[in-house]
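K.L.:
To be precise about what I am sending: the file is called final-v3.txt and holds compact mmCIF, C-alpha atoms.
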# COMPACT_ATOMS: atom_id res chain seq x y z
CA ASP G 43 0.00 0.00 0.00
CA LEU G 44 2.79 2.41 0.88
CA ASN G 45 4.45 1.84 -2.50
CA GLN G 46 1.23 2.83 -4.26
CA TYR G 47 1.33 6.14 -2.40
CA ARG G 48 5.04 6.80 -2.99
CA CYS G 49 6.71 4.34 -5.32
CA PRO G 50 10.53 4.16 -5.28
CA ASP G 51 11.98 6.15 -8.18
CA PHE G 52 15.50 4.68 -8.11
CA THR G 53 16.55 1.16 -7.14
CA LEU G 54 20.04 -0.31 -6.96
CA LEU G 55 20.44 -4.08 -7.28
CA ASP G 56 23.66 -5.49 -5.83
CA ALA G 57 24.10 -8.83 -7.58
CA ARG G 58 27.85 -9.08 -7.24
CA ILE G 59 27.49 -12.37 -5.35
CA GLY G 60 23.84 -13.44 -5.58
CA MET G 61 21.80 -15.78 -3.42
CA ALA G 62 19.41 -17.85 -5.50
CA GLU G 63 17.25 -19.08 -2.59
CA ALA G 64 16.48 -15.81 -0.79
CA HIS G 65 17.87 -12.31 -0.45
CA LEU G 66 19.18 -12.70 3.11
CA TRP G 67 20.17 -16.34 3.41
CA GLY G 68 21.21 -19.38 1.45
CA ARG G 69 24.21 -20.44 -0.53
CA HIS G 70 25.91 -18.01 -2.88
CA CYS G 71 25.62 -18.39 -6.64
CA ASP G 72 28.53 -20.28 -8.13
CA PRO G 73 29.87 -18.67 -10.20
CA PRO G 74 29.01 -15.27 -8.69
CA VAL G 75 26.60 -13.15 -10.71
CA GLY G 76 29.03 -10.21 -10.70
CA ARG G 77 26.63 -7.40 -11.57
CA LEU G 78 25.44 -4.08 -10.23
CA ALA G 79 22.24 -2.79 -11.81
CA ALA G 80 20.05 0.27 -11.38
CA ALA G 81 16.60 1.24 -12.61
CA TRP G 82 13.95 3.90 -12.27
CA ASP G 83 11.30 1.16 -12.30
CA PRO G 84 11.34 -1.04 -9.14
CA VAL G 85 9.39 -3.85 -10.81
CA ALA G 86 11.75 -3.95 -13.79
CA ILE G 87 14.81 -4.25 -11.55
CA ASP G 88 13.21 -7.14 -9.62
CA SER G 89 12.40 -8.81 -12.93
CA TYR G 90 16.01 -8.34 -14.05
CA GLY G 91 17.25 -9.82 -10.77
CA ALA G 92 15.08 -12.87 -11.35
CA LEU G 93 16.52 -13.17 -14.85
CA LEU G 94 20.08 -13.05 -13.47
CA LEU G 95 19.21 -15.95 -11.17
CA GLY G 96 17.67 -17.97 -14.00
CA LYS G 97 14.11 -17.57 -12.72
CA LYS G 98 10.95 -16.41 -14.50
CA TRP G 99 9.41 -13.29 -12.97
CA GLN G 100 5.95 -14.79 -13.59
CA ASN G 101 6.73 -17.43 -10.93
CA ILE G 102 7.60 -14.85 -8.24
CA GLY G 103 4.57 -13.65 -6.30
CA HIS G 104 5.58 -10.10 -5.39
CA ILE G 105 6.68 -9.30 -8.95
CA ASN G 106 3.39 -10.63 -10.34
CA LEU G 107 1.43 -8.48 -7.89
CA ALA G 108 3.42 -5.33 -8.70
CA HIS G 109 3.54 -5.77 -12.51
CA SER G 110 1.50 -3.03 -14.22
CA VAL G 111 0.62 -1.54 -10.80
CA LEU G 112 3.97 -0.14 -9.60
CA GLY G 113 5.95 -0.67 -12.81
CA TYR G 114 6.53 -3.17 -15.58
CA ALA G 115 8.38 -6.48 -15.41
CA ASP G 116 8.10 -7.00 -19.15
CA PRO G 117 9.41 -5.99 -21.60
CA LEU G 118 12.81 -5.24 -20.10
CA ASP G 119 14.86 -2.51 -21.72
CA ILE G 120 18.40 -3.35 -20.56
CA HIS G 121 21.50 -1.28 -21.33
CA GLU G 122 24.85 -2.72 -20.22
CA LEU G 123 27.83 -0.47 -19.59
Could you render the structure as C-alpha cells?

P.N.:
Amino acid sequence: DLNQYRCPDFTLLDARIGMAEAHLWGRHCDPPVGRLAAAWDPVAIDSYGALLLGKKWQNIGHINLAHSVLGYADPLDIHEL
C-alpha cells in the first residue's frame, strides 16, 4: 500500500554475489553473478534480478502483484555499460 502512495523512483540491485534461494540467506551463486544494476522502475529491476538468477518473474509472487501496478516487469529494456 505504501508503494502505491510513494513508489521508489530509483533502485540499486547489488548482484555481485547473488543468493538464489532468498535475499538474506542461502548459498551463494557459483559462479558469482558479478553485476550491479540500477533502474527507475522497481518492478523492472526485480524482474532483471530474477533473470540473473535464471528464474521467471511470472513465478515470483511479489513481482506478479506489482507488474503493471507499480511498474513493468516485461518488456525489459536493458543497457549494459

K.L.:
So the first atom is atom CA of G:Leu55 and the second is atom CA of G:Ala81; what is the distance between them in Å, to one decimal place?

P.N.:
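Result for atom CA of G:Leu55 versus atom CA of G:Ala81: 8.5 Å, one decimal.
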
K.L.:
Using Å and a single decimal, report how far atom CA of G:Ala115 sits from atom CA of G:Ser89.

P.N.:
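Going from atom CA of G:Ser89 over to atom CA of G:Ala115, I get 5.3 Å.
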
K.L.:
If you count all atoms listed in the file, which residues fall within 12 Å of stretch 60-66 of chain G, apart from same-chain ones fewer than 6 positions away, as a PyMOL selection string?

P.N.:
chain G and resi 72-78+88+91-97+102

K.L.:
Go ahead and dump the residues you just picked, C-alpha atoms, as a CSV table (one decimal), keeping the file's coordinate frame.

P.N.:
chain,number,residue,atom,x,y,z
G,72,ASP,CA,28.5,-20.3,-8.1
G,73,PRO,CA,29.9,-18.7,-10.2
G,74,PRO,CA,29.0,-15.3,-8.7
G,75,VAL,CA,26.6,-13.2,-10.7
G,76,GLY,CA,29.0,-10.2,-10.7
G,77,ARG,CA,26.6,-7.4,-11.6
G,78,LEU,CA,25.4,-4.1,-10.2
G,88,ASP,CA,13.2,-7.1,-9.6
G,91,GLY,CA,17.2,-9.8,-10.8
G,92,ALA,CA,15.1,-12.9,-11.4
G,93,LEU,CA,16.5,-13.2,-14.8
G,94,LEU,CA,20.1,-13.0,-13.5
G,95,LEU,CA,19.2,-16.0,-11.2
G,96,GLY,CA,17.7,-18.0,-14.0
G,97,LYS,CA,14.1,-17.6,-12.7
G,102,ILE,CA,7.6,-14.8,-8.2

K.L.:
What separation in Å, quoted to one decimal, exists between atom CA of G:Cys49 and atom CA of G:Leu118?

P.N.:
18.6 Å

K.L.:
Have a look at G:Glu122, G:Tyr90, G:Trp82, G:Gly68 and name the one nearest to G:Asp56; count only C-alpha atoms.

P.N.:
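Nearest candidate to G:Asp56 out of G:Glu122, G:Tyr90, G:Trp82, G:Gly68: G:Tyr90.
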
K.L.:
From the list G:Arg48, G:His70, G:Asp83, G:Ile59, which residue is nearest G:Gly113 when using all atoms listed in the file?

P.N.:
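Among the listed residues, the smallest separation from G:Gly113 belongs to G:Asp83.
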
K.L.:
Given the choices G:Val111, G:Val85, G:Cys71, G:Ala79, which gets closest to G:Asp51 if the distance is worked out from only C-alpha atoms?

P.N.:
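Of all the options, G:Val85 lies closest to G:Asp51.
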
K.L.:
Rank G:Ala80, G:Asn106, G:Leu44, G:Gln100 by their smallest atom-to-atom distance to G:Ala57, using all atoms listed in the file, and report the top residue only.

P.N.:
G:Ala80
